[in-house]
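In what follows, a structure is listed as structure tokens, so that the remarks can point back to it.
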Amino acid sequence: MRYISTRGMDIANSSMEAIVNGIANDSGLYVPEIIPRLSEQELVRFSKLTYNDLALEIISKYFLDLGKENIAQAINRAYNDRFEVKIENNFLELYHGPTLAFKDAALLLLPYLIKLSKDKLNINNKTIILTATSGDTGKAALEGFKNIDGIDVIVLYPKDGVSDIQKYQMITQEGNNLKVIAIEGNFDDAQSAAKSIFLDKNIEKILKANKLNISSANSINIGRLVPQIVYYFYAYFDKVNSGKLSLGEKINISVPTGNFGNILAAYYAKTMGLPIKKLICASNVNNVLTDFFNTGVYDINRTFKITETPSMDILISSNLERLLFEISDRDSLKVKQCMENLKNDFSYKIDEEMKKKLKGFYANYSTDEEVKKRINEVYNKYNYLIDTHTAVAYDVYMKYVEESKDNSEYIIVSTASPFKFIRSILNALGTSTIGKSDFELVKDLSKQYSLTIPNGIKDLNKKEIKHNINCGKDEIKELISTLLMEG
Ligand SMILES: *Cc1c(COP(=O)(O)O)cnc(C)c1O
């Protein structure tokens with residue numbers, strides 16, 4: 001299948017090209033030339049499949065030129081013994097992977113898709129994945145890309161900007177092709193450093209001389225999006241198979257949203273024919289998306305707020321561009337205009353025609369106080385612990401039901417384990433965390449709530465430290481140049 005840019009000036013002739021390029025050369029995002037639709041027979045057949053087999057069918061619809069056999073192998077390597085999806089009390093748990101957050105679903109598979117694409121396109125250059133992280137993406141990228149032939153990873157994290165758990169997850173990471181660097185500064189410093197390296201002329205020369213390509217796991221690579229479509233089908237079929245739903249009946253899905261990737265995957269699933277009634281876009285107080293869905297104006301002229309849901313603290317939701325493309329009936333001129341306005345005026349407004357196409361969404365947001373209340377509510381009601389991000393999805397779902405009285409079957413997307421943002425969860429539950437390390441808190445949570453400590457963080461602080469490079473924010477370029485020249 002061909003992939004076209006949302007800004008209309010670039011076409012990738014195959015999914016392989018789109019995956020290797022990551023971002024289109026007109027700065028737009030690649031989208032499939034046609035979003036595949038499933039027939040009714042396919043829906044019936046797919047409803048009986050295991051997760052890996054379902055993933056194979058869905059992903060092959062988008063990336064068939066990689067070869068179905070190859071995709072099957074990639075899925076098995078990526079997921080077997082490393083990732084699984086479970087559904088409890090209407091919560092779709094996407095965090096049973098090495099990093100305890102849903103990004104594993106895509107970042108375990110993406111490396112194999114890039115490797116396959118490079119092989120098929122006969123690209124022999126080594127690929128350097130350079131990623132700035134506020135915690136979750138970095139670890140997921142390290143875990144996914146470790147020991148993958150022909151790809152090296154450099155992760156930049158803000159020395160004082162990640163939790164102890166996140167830091168230890170990264171600095172104890174094993175693998176022969178990985179570098180983890182602590183940057184003096186905050187996430188913005190790490191992010192700006194990464195961006196400036198992508199644009200630096202001198203670095204470009206070094207890359208060329210050493211036959212290297214540079215790419216990013218932060219990117220809005222289509223290879224990261226498509227694997228996320230799968231679990232919506234899986235969750236729906238699970239409800240059908242357990243008798244809660246008849247095939248064809250519509251459900252509501254609530255997604256805690258930051259960069260608009262996960263909910264966009266749900267939108268693609270709906271477009272493919274998954275019976276979804278409302279897609280519920282749940283935000284925290286950085287509620288740009290809530291305002292956008294309710295007014296048609298996207299406006300980032302506002303103060304950035306730090307919340308208990310750090311993975312959703314974001315003002316520019318990159319993947320929204322792909323939704324704009326669809327609701328404008330794939331009018332790349334309109335998309336381009338919006339993106340230019342965003343760049344110049346920090347806001348844009350969509351027209352009435354486009355706004356009408358947002359009817360399938362409901363959007364709202366939660367405060368930290370509401371998150372705290374919902375964590376307790378769910379615990380008391382189901383004897384079940386949810387993380388802060390998941391609590392946002394639950395809170396906004398409850399607001400939707402209250403407003404609409406719509407009692408259709410539903411799914412709340414659960415994006416992180418309660419062990420991951422542990423301090424926030426324990427605080428919400430009224431347990432004192434003062435003076436305790438994250439690692440002590442993990443033991444407390446496990447004991448107090450009779451939960452097994454997930455493998456991803458078990459004895460993390462006893463593991464050997466493999467990475468201890470520190471770097472001032474003005475020395476990053478020099479350090480990366482040296483690393484690149486060393487190969
Ligand atoms: C990344 C992330 C999100 C937001 O997902 P998007 O695809 O960026 O909208 C929500 N929760 C957690 C725990 C995350 O890591």
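Order determines the names: the first chain of the structure tokens is A, the second B, and so forth; residues in each chain are numbered 1 upward, and ligands are numbered 1 upward as they are shown.
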
Check: Mind listing the residues within 10 Å of ligand 1, only C-alpha atoms and all ligand atoms counted, as a PyMOL selection string?
Finding: chain A and resi 94-95+99-104+134-137+140+220+224-225+228+255-265+281-283+309-314+317-320+387-390+392-393+413-418+420-421

Q.
Going by DSSP on the backbone, which residues of segment 378-440 of chain A come out as strand (DSSP E or B)? List them as a PyMOL selection string.
A. chain A and resi 410-414+416

Save the residues we just selected, all heavy atoms, as a CSV table (one decimal), in the first residue's frame?
chain,number,residue,atom,x,y,z
A,410,TYR,N,-18.9,-0.7,27.7
A,410,TYR,CA,-17.8,0.3,27.5
A,410,TYR,C,-16.5,-0.4,27.9
A,410,TYR,O,-16.4,-1.4,28.6
A,410,TYR,CB,-18.1,1.5,28.4
A,410,TYR,CG,-18.0,1.2,29.9
A,410,TYR,CD1,-16.9,1.4,30.7
A,410,TYR,CD2,-19.2,0.7,30.6
A,410,TYR,CE1,-16.8,1.1,32.0
A,410,TYR,CE2,-19.1,0.4,31.9
A,410,TYR,CZ,-18.0,0.6,32.6
A,410,TYR,OH,-17.9,0.3,34.0
A,411,ILE,N,-15.4,0.3,27.5
A,411,ILE,CA,-14.1,-0.1,27.8
A,411,ILE,C,-13.3,1.2,28.2
A,411,ILE,O,-13.4,2.2,27.6
A,411,ILE,CB,-13.4,-0.7,26.6
A,411,ILE,CG1,-13.9,-2.1,26.4
A,411,ILE,CG2,-11.9,-0.8,26.8
A,411,ILE,CD1,-13.7,-2.6,25.0
A,412,ILE,N,-12.6,1.0,29.4
A,412,ILE,CA,-11.7,2.1,29.8
A,412,ILE,C,-10.3,1.7,29.5
A,412,ILE,O,-9.9,0.6,30.0
A,412,ILE,CB,-11.8,2.3,31.4
A,412,ILE,CG1,-13.3,2.5,31.8
A,412,ILE,CG2,-11.0,3.5,31.8
A,412,ILE,CD1,-13.9,3.8,31.5
A,413,VAL,N,-9.6,2.5,28.8
A,413,VAL,CA,-8.2,2.1,28.5
A,413,VAL,C,-7.3,2.4,29.7
A,413,VAL,O,-7.2,3.5,30.1
A,413,VAL,CB,-7.7,2.8,27.2
A,413,VAL,CG1,-6.3,2.5,26.9
A,413,VAL,CG2,-8.6,2.4,26.0
A,414,SER,N,-6.6,1.3,30.1
A,414,SER,CA,-5.7,1.4,31.3
A,414,SER,C,-4.3,1.4,30.8
A,414,SER,O,-3.8,0.4,30.3
A,414,SER,CB,-6.0,0.3,32.2
A,414,SER,OG,-5.1,0.4,33.4
A,416,ALA,N,-1.2,2.4,32.4
A,416,ALA,CA,-0.1,2.2,33.2
A,416,ALA,C,-0.4,1.3,34.4
A,416,ALA,O,-1.6,1.4,34.9
A,416,ALA,CB,0.6,3.5,33.6

Could you build a table of the residues in segment 213-327 of chain A lying no more than 9 Å from segment 34-57 of chain A, giving for each the nearest pair of atoms and their separation in Å rounded to one decimal place, using only C-alpha atoms, ordered by chain and ascending residue number, as JSON lines?
{"residue": "A:Pro227", "atom": "CA", "partner": "A:Ala55", "partner_atom": "CA", "distance": 7.1}
{"residue": "A:Ile229", "atom": "CA", "partner": "A:Ala55", "partner_atom": "CA", "distance": 8.6}
{"residue": "A:Val230", "atom": "CA", "partner": "A:Ala55", "partner_atom": "CA", "distance": 5.6}
{"residue": "A:Tyr231", "atom": "CA", "partner": "A:Tyr51", "partner_atom": "CA", "distance": 8.0}
{"residue": "A:Phe233", "atom": "CA", "partner": "A:Ser47", "partner_atom": "CA", "distance": 8.1}
{"residue": "A:Tyr234", "atom": "CA", "partner": "A:Tyr51", "partner_atom": "CA", "distance": 6.8}
{"residue": "A:Tyr236", "atom": "CA", "partner": "A:Ser47", "partner_atom": "CA", "distance": 8.5}
{"residue": "A:Phe237", "atom": "CA", "partner": "A:Ser47", "partner_atom": "CA", "distance": 5.1}
{"residue": "A:Asp238", "atom": "CA", "partner": "A:Ser47", "partner_atom": "CA", "distance": 7.9}
{"residue": "A:Val240", "atom": "CA", "partner": "A:Ser47", "partner_atom": "CA", "distance": 7.9}
{"residue": "A:Asn241", "atom": "CA", "partner": "A:Ser47", "partner_atom": "CA", "distance": 7.7}
{"residue": "A:Leu247", "atom": "CA", "partner": "A:Val44", "partner_atom": "CA", "distance": 7.7}
{"residue": "A:Gly248", "atom": "CA", "partner": "A:Glu40", "partner_atom": "CA", "distance": 8.9}
{"residue": "A:Tyr268", "atom": "CA", "partner": "A:Ile35", "partner_atom": "CA", "distance": 7.4}
{"residue": "A:Thr271", "atom": "CA", "partner": "A:Arg37", "partner_atom": "CA", "distance": 7.1}
{"residue": "A:Met272", "atom": "CA", "partner": "A:Arg37", "partner_atom": "CA", "distance": 4.2}
{"residue": "A:Gly273", "atom": "CA", "partner": "A:Leu38", "partner_atom": "CA", "distance": 5.9}
{"residue": "A:Leu274", "atom": "CA", "partner": "A:Leu43", "partner_atom": "CA", "distance": 8.2}

Min atom-atom distance to Leu385 of chain A from the set A:Phe419, A:Phe304, A:Tyr3, A:Tyr267, counting only C-alpha atoms, belongs to A:Phe419

Residues within 6 Å of Val297 of chain A, only C-alpha atoms, excluding chain neighbours under 2 positions, as a compact mmCIF listing (two decimals) with N, CA, C and O atoms, in the first residue's frame:
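So the final result, stored in part_6.txt, reads:
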# COMPACT_ATOMS: atom_id res chain seq x y z
N PHE A 292 -10.81 21.82 21.99
CA PHE A 292 -10.87 21.62 20.54
C PHE A 292 -12.14 20.86 20.13
O PHE A 292 -12.87 21.29 19.23
N THR A 295 -15.22 23.21 20.78
CA THR A 295 -15.37 24.51 20.12
C THR A 295 -14.84 24.54 18.68
O THR A 295 -15.13 25.48 17.95
N TYR A 348 -5.45 27.38 15.88
CA TYR A 348 -6.18 27.32 14.61
C TYR A 348 -7.63 26.98 14.87
O TYR A 348 -7.98 26.50 15.96
N LYS A 349 -8.46 27.22 13.86
CA LYS A 349 -9.88 26.95 13.98
C LYS A 349 -10.30 26.14 12.76
O LYS A 349 -9.94 26.49 11.63

Original post:
Per DSSP on the backbone, what are the alpha helix (DSSP H) residues of segment 143-356 of chain A, as a VMD selection string?
Top reply: chain A and resid 143 to 145 164 to 171 187 to 199 201 to 209 222 to 225 230 to 241 261 to 272 288 to 295 320 to 327 332 to 345 352 to 356
